[in-house]
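Shown next: protein.pdb, given as PDB, C-alpha atoms.
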```
MODEL        1
ATOM      1  CA  MET A1097     -21.296  -6.981 -15.051
ATOM      2  CA  LEU A1098     -18.956  -5.561 -12.439
ATOM      3  CA  TYR A1099     -20.067  -3.402  -9.520
ATOM      4  CA  GLY A1100     -17.961  -0.687  -7.986
ATOM      5  CA  ILE A1101     -18.462  -0.159  -4.280
ATOM      6  CA  GLN A1102     -16.887   2.389  -2.007
ATOM      7  CA  LEU A1103     -15.481   1.115   1.243
ATOM      8  CA  GLN A1104     -13.954   2.731   4.280
ATOM      9  CA  LEU A1105     -10.976   0.806   5.618
ATOM     10  CA  GLN A1106     -10.077   1.710   9.180
ATOM     11  CA  THR A1107      -6.537   1.958  10.383
ATOM     12  CA  GLU A1108      -5.424   2.743  13.905
ATOM     13  CA  ASN A1109      -5.583   6.457  13.358
ATOM     14  CA  MET A1110      -7.657   7.156  10.271
ATOM     15  CA  THR A1111     -10.252   5.839   7.841
ATOM     16  CA  VAL A1112      -9.545   5.722   4.106
ATOM     17  CA  ARG A1113     -12.227   5.589   1.433
ATOM     18  CA  LEU A1114     -11.579   2.968  -1.199
ATOM     19  CA  ASN A1115     -13.375   2.293  -4.458
ATOM     20  CA  ILE A1116     -13.088  -1.343  -5.567
ATOM     21  CA  THR A1117     -14.542  -3.373  -8.411
ATOM     22  CA  MET A1118     -15.828  -6.911  -7.993
ATOM     23  CA  GLU A1119     -17.820  -9.445  -9.951
ATOM     24  CA  GLU A1120     -21.589  -9.184  -9.666
ATOM     25  CA  ASP A1121     -22.120 -12.718  -8.354
ATOM     26  CA  LEU A1122     -19.583 -12.174  -5.565
ATOM     27  CA  TYR A1123     -21.153  -8.842  -4.614
ATOM     28  CA  ASN A1124     -24.622 -10.423  -4.508
ATOM     29  CA  ARG A1125     -23.311 -13.213  -2.310
ATOM     30  CA  LEU A1126     -21.784 -10.684   0.095
ATOM     31  CA  LYS A1127     -25.114  -8.864   0.280
ATOM     32  CA  ARG A1128     -26.970 -12.136   0.950
ATOM     33  CA  GLU A1129     -24.629 -13.591   3.543
ATOM     34  CA  LEU A1130     -23.499 -10.564   5.546
ATOM     35  CA  PRO A1131     -25.589  -8.392   7.856
ATOM     36  CA  ARG A1132     -26.634  -5.056   6.410
ATOM     37  CA  ARG A1133     -23.959  -2.402   6.274
ATOM     38  CA  SER A1134     -21.111  -4.725   7.216
ATOM     39  CA  ILE A1135     -19.403  -5.368   3.875
ATOM     40  CA  SER A1136     -16.649  -2.852   4.643
ATOM     41  CA  ARG A1137     -15.915  -4.428   8.003
ATOM     42  CA  PHE A1138     -15.824  -7.895   6.425
ATOM     43  CA  ILE A1139     -13.464  -6.887   3.615
ATOM     44  CA  ASN A1140     -11.228  -5.034   6.085
ATOM     45  CA  ALA A1141     -10.982  -8.160   8.271
ATOM     46  CA  ALA A1142     -10.384 -10.423   5.249
ATOM     47  CA  VAL A1143      -7.563  -8.250   3.911
ATOM     48  CA  ARG A1144      -6.002  -7.988   7.378
ATOM     49  CA  ALA A1145      -6.127 -11.796   7.751
ATOM     50  CA  TYR A1146      -4.694 -12.347   4.267
ATOM     51  CA  LEU A1147      -1.726 -10.055   4.780
ATOM     52  CA  SER A1148       0.965 -11.242   7.126
ATOM     53  CA  PRO A1149       1.106  -9.418  10.451
ATOM     54  CA  ASP A1150       3.926  -6.927  10.697
ATOM     55  CA  ARG A1151       6.985  -7.608  12.851
ATOM     56  CA  LYS A1152       5.842  -5.324  15.679
ATOM     57  CA  THR A1153       2.487  -7.118  15.984
ATOM     58  CA  LEU A1154       4.107 -10.564  15.905
ATOM     59  CA  ASP A1155       6.691  -9.595  18.529
ATOM     60  CA  ALA A1156       3.971  -8.272  20.844
ATOM     61  CA  ALA A1157       1.928 -11.461  20.406
ATOM     62  CA  TYR A1158       4.916 -13.706  21.106
ATOM     63  CA  ARG A1159       5.838 -11.685  24.213
ATOM     64  CA  ALA A1160       2.261 -11.955  25.505
ATOM     65  CA  ALA A1161       2.117 -15.699  24.792
ATOM     66  CA  SER A1162       5.423 -16.322  26.567
ATOM     67  CA  LYS A1163       3.913 -14.958  29.795
ATOM     68  CA  GLU A1164       1.030 -17.453  29.802
ATOM     69  CA  ASN A1165       1.713 -20.274  32.261
ATOM     70  CA  TRP A1166      -0.587 -22.757  30.534
ATOM     71  CA  ARG A1167       1.537 -22.558  27.388
ATOM     72  CA  ARG A1168       4.705 -23.402  29.325
ATOM     73  CA  ASP A1169       2.956 -26.298  31.055
ATOM     74  CA  LEU A1170       1.710 -27.615  27.728
ATOM     75  CA  ALA A1171       5.169 -27.347  26.197
ATOM     76  CA  LYS A1172       6.609 -29.344  29.115
ATOM     77  CA  ASP A1173       3.954 -32.040  28.654
ATOM     78  CA  TRP A1174       4.822 -32.405  24.983
ATOM     79  CA  ALA A1175       8.603 -32.076  25.324
ATOM     80  CA  ILE A1176       9.046 -35.824  25.621
ATOM     81  CA  ALA A1177       7.226 -36.335  22.316
ATOM     82  CA  ASP A1178      10.025 -34.478  20.600
ATOM     83  CA  LEU A1179      12.473 -37.198  21.573
ATOM     84  CA  GLU A1180      10.448 -40.398  21.452
ATOM     85  CA  ASP A1181      10.523 -42.857  18.576
ATOM     86  CA  TRP A1182      12.667 -40.838  16.206
ATOM     87  CA  PRO A1183      15.320 -42.740  14.297
ATOM     88  CA  GLU A1184      18.816 -41.664  15.197
TER      89      GLU A1184
ENDMDL
END
```

Rewrite the structure of this file - the entire thing - as structure tokens.
Amino acid sequence: MLYGIQLQLQTENMTVRLNITMEEDLYNRLKRELPRRSISRFINAAVRAYLSPDRKTLDAAYRAASKENWRRDLAKDWAIADLEDWPE
């Protein structure tokens, strides 16, 4: 048996109601393992993680990471590993 559940997926500026169908055993597992009233949030996060981030999000993340000093220090520490013991 399949269950239909209605979910609200939140975007930056609006929420959209969505009706999905899933297998009964998967739905029961979601109900058992997730806190009450959090299935929508979980599915929203899972879909967001599954889909690749858009270019704008990736660019912002890379810009932010490039400003972190610890990342530059770590890259310097490992730079020698890029050259050591590789056949020429």

For atom CA of Ser1136 of chain A and atom CA of Asp1121 of chain A, determine how far apart the two atoms are, in Å to one decimal place.
-> 17.2 Å

In Å, with one decimal, what is the gap from atom CA of Ala1145 of chain A to atom CA of Glu1120 of chain A?
->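 Interatomic distance, atom CA of Ala1145 of chain A to atom CA of Glu1120 of chain A: 23.4 Å.
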
What is the atom CA of Leu1170 of chain A-atom CA of Thr1153 of chain A distance in Å, reported with one decimal?
-> 23.6 Å

Evaluate the PyMOL selection byres ((chain A and resi 1135) around 12) and record the selected residues as a PyMOL selection string, following the chain and residue labels used in the document.
-> chain A and resi 1101-1105+1122-1134+1136-1142

Starting from 4 Å padding per side, set up an axis-aligned box that covers all listed atoms of segment 1163-1169 of chain A and hand over centre and edge lengths in Å, one decimal, as AutoDock Vina command-line options.
```
--center_x 2.1 --center_y -20.6 --center_z 29.8 --size_x 13.3 --size_y 19.3 --size_z 12.9
```

Can you rebuild segment 1130-1157 of chain A with N, CA and C atoms and give it as an mmCIF file, in the coordinates of the input?
```cif
data_model
loop_
_atom_site.group_PDB
_atom_site.id
_atom_site.type_symbol
_atom_site.label_atom_id
_atom_site.label_comp_id
_atom_site.auth_asym_id
_atom_site.auth_seq_id
_atom_site.Cartn_x
_atom_site.Cartn_y
_atom_site.Cartn_z
ATOM 1 N N LEU A 1130 -23.967 -11.444 4.475
ATOM 2 C CA LEU A 1130 -23.499 -10.564 5.546
ATOM 3 C C LEU A 1130 -24.646 -9.698 6.061
ATOM 4 N N PRO A 1131 -24.583 -9.321 7.342
ATOM 5 C CA PRO A 1131 -25.589 -8.392 7.856
ATOM 6 C C PRO A 1131 -25.507 -7.062 7.105
ATOM 7 N N ARG A 1132 -26.604 -6.355 7.098
ATOM 8 C CA ARG A 1132 -26.634 -5.056 6.410
ATOM 9 C C ARG A 1132 -25.518 -4.156 6.897
ATOM 10 N N ARG A 1133 -24.959 -3.426 5.993
ATOM 11 C CA ARG A 1133 -23.959 -2.402 6.274
ATOM 12 C C ARG A 1133 -22.700 -2.951 6.951
ATOM 13 N N SER A 1134 -22.325 -4.171 6.612
ATOM 14 C CA SER A 1134 -21.111 -4.725 7.216
ATOM 15 C C SER A 1134 -20.100 -5.227 6.179
ATOM 16 N N ILE A 1135 -20.316 -4.915 4.921
ATOM 17 C CA ILE A 1135 -19.403 -5.368 3.875
ATOM 18 C C ILE A 1135 -18.016 -4.759 4.090
ATOM 19 N N SER A 1136 -17.945 -3.499 4.430
ATOM 20 C CA SER A 1136 -16.649 -2.852 4.643
ATOM 21 C C SER A 1136 -15.879 -3.529 5.765
ATOM 22 N N ARG A 1137 -16.553 -3.784 6.859
ATOM 23 C CA ARG A 1137 -15.915 -4.428 8.003
ATOM 24 C C ARG A 1137 -15.401 -5.821 7.612
ATOM 25 N N PHE A 1138 -16.214 -6.557 6.855
ATOM 26 C CA PHE A 1138 -15.824 -7.895 6.425
ATOM 27 C C PHE A 1138 -14.593 -7.852 5.523
ATOM 28 N N ILE A 1139 -14.599 -6.977 4.534
ATOM 29 C CA ILE A 1139 -13.464 -6.887 3.615
ATOM 30 C C ILE A 1139 -12.212 -6.429 4.354
ATOM 31 N N ASN A 1140 -12.363 -5.489 5.279
ATOM 32 C CA ASN A 1140 -11.228 -5.034 6.085
ATOM 33 C C ASN A 1140 -10.620 -6.205 6.857
ATOM 34 N N ALA A 1141 -11.467 -7.008 7.498
ATOM 35 C CA ALA A 1141 -10.982 -8.160 8.271
ATOM 36 C C ALA A 1141 -10.341 -9.203 7.357
ATOM 37 N N ALA A 1142 -10.927 -9.428 6.183
ATOM 38 C CA ALA A 1142 -10.384 -10.423 5.249
ATOM 39 C C ALA A 1142 -9.010 -10.006 4.728
ATOM 40 N N VAL A 1143 -8.856 -8.740 4.395
ATOM 41 C CA VAL A 1143 -7.563 -8.250 3.911
ATOM 42 C C VAL A 1143 -6.530 -8.321 5.022
ATOM 43 N N ARG A 1144 -6.926 -7.933 6.237
ATOM 44 C CA ARG A 1144 -6.002 -7.988 7.378
ATOM 45 C C ARG A 1144 -5.549 -9.429 7.628
ATOM 46 N N ALA A 1145 -6.471 -10.389 7.538
ATOM 47 C CA ALA A 1145 -6.127 -11.796 7.751
ATOM 48 C C ALA A 1145 -5.250 -12.332 6.627
ATOM 49 N N TYR A 1146 -5.455 -11.862 5.417
ATOM 50 C CA TYR A 1146 -4.694 -12.347 4.267
ATOM 51 C C TYR A 1146 -3.249 -11.859 4.313
ATOM 52 N N LEU A 1147 -3.070 -10.619 4.707
ATOM 53 C CA LEU A 1147 -1.726 -10.055 4.780
ATOM 54 C C LEU A 1147 -1.040 -10.537 6.045
ATOM 55 N N SER A 1148 0.218 -10.797 5.953
ATOM 56 C CA SER A 1148 0.965 -11.242 7.126
ATOM 57 C C SER A 1148 1.043 -10.112 8.146
ATOM 58 N N PRO A 1149 0.947 -10.454 9.436
ATOM 59 C CA PRO A 1149 1.106 -9.418 10.451
ATOM 60 C C PRO A 1149 2.506 -8.816 10.375
ATOM 61 N N ASP A 1150 2.610 -7.550 10.717
ATOM 62 C CA ASP A 1150 3.926 -6.927 10.697
ATOM 63 C C ASP A 1150 4.770 -7.400 11.883
ATOM 64 N N ARG A 1151 6.028 -7.129 11.846
ATOM 65 C CA ARG A 1151 6.985 -7.608 12.851
ATOM 66 C C ARG A 1151 6.608 -7.139 14.256
ATOM 67 N N LYS A 1152 6.194 -5.884 14.376
ATOM 68 C CA LYS A 1152 5.842 -5.324 15.679
ATOM 69 C C LYS A 1152 4.658 -6.082 16.302
ATOM 70 N N THR A 1153 3.657 -6.385 15.507
ATOM 71 C CA THR A 1153 2.487 -7.118 15.984
ATOM 72 C C THR A 1153 2.861 -8.540 16.399
ATOM 73 N N LEU A 1154 3.671 -9.204 15.573
ATOM 74 C CA LEU A 1154 4.107 -10.564 15.905
ATOM 75 C C LEU A 1154 4.934 -10.589 17.190
ATOM 76 N N ASP A 1155 5.862 -9.644 17.324
ATOM 77 C CA ASP A 1155 6.691 -9.595 18.529
ATOM 78 C C ASP A 1155 5.841 -9.405 19.773
ATOM 79 N N ALA A 1156 4.851 -8.513 19.697
ATOM 80 C CA ALA A 1156 3.971 -8.272 20.844
ATOM 81 C C ALA A 1156 3.165 -9.533 21.181
ATOM 82 N N ALA A 1157 2.700 -10.241 20.171
ATOM 83 C CA ALA A 1157 1.928 -11.461 20.406
ATOM 84 C C ALA A 1157 2.793 -12.551 21.025
#
```
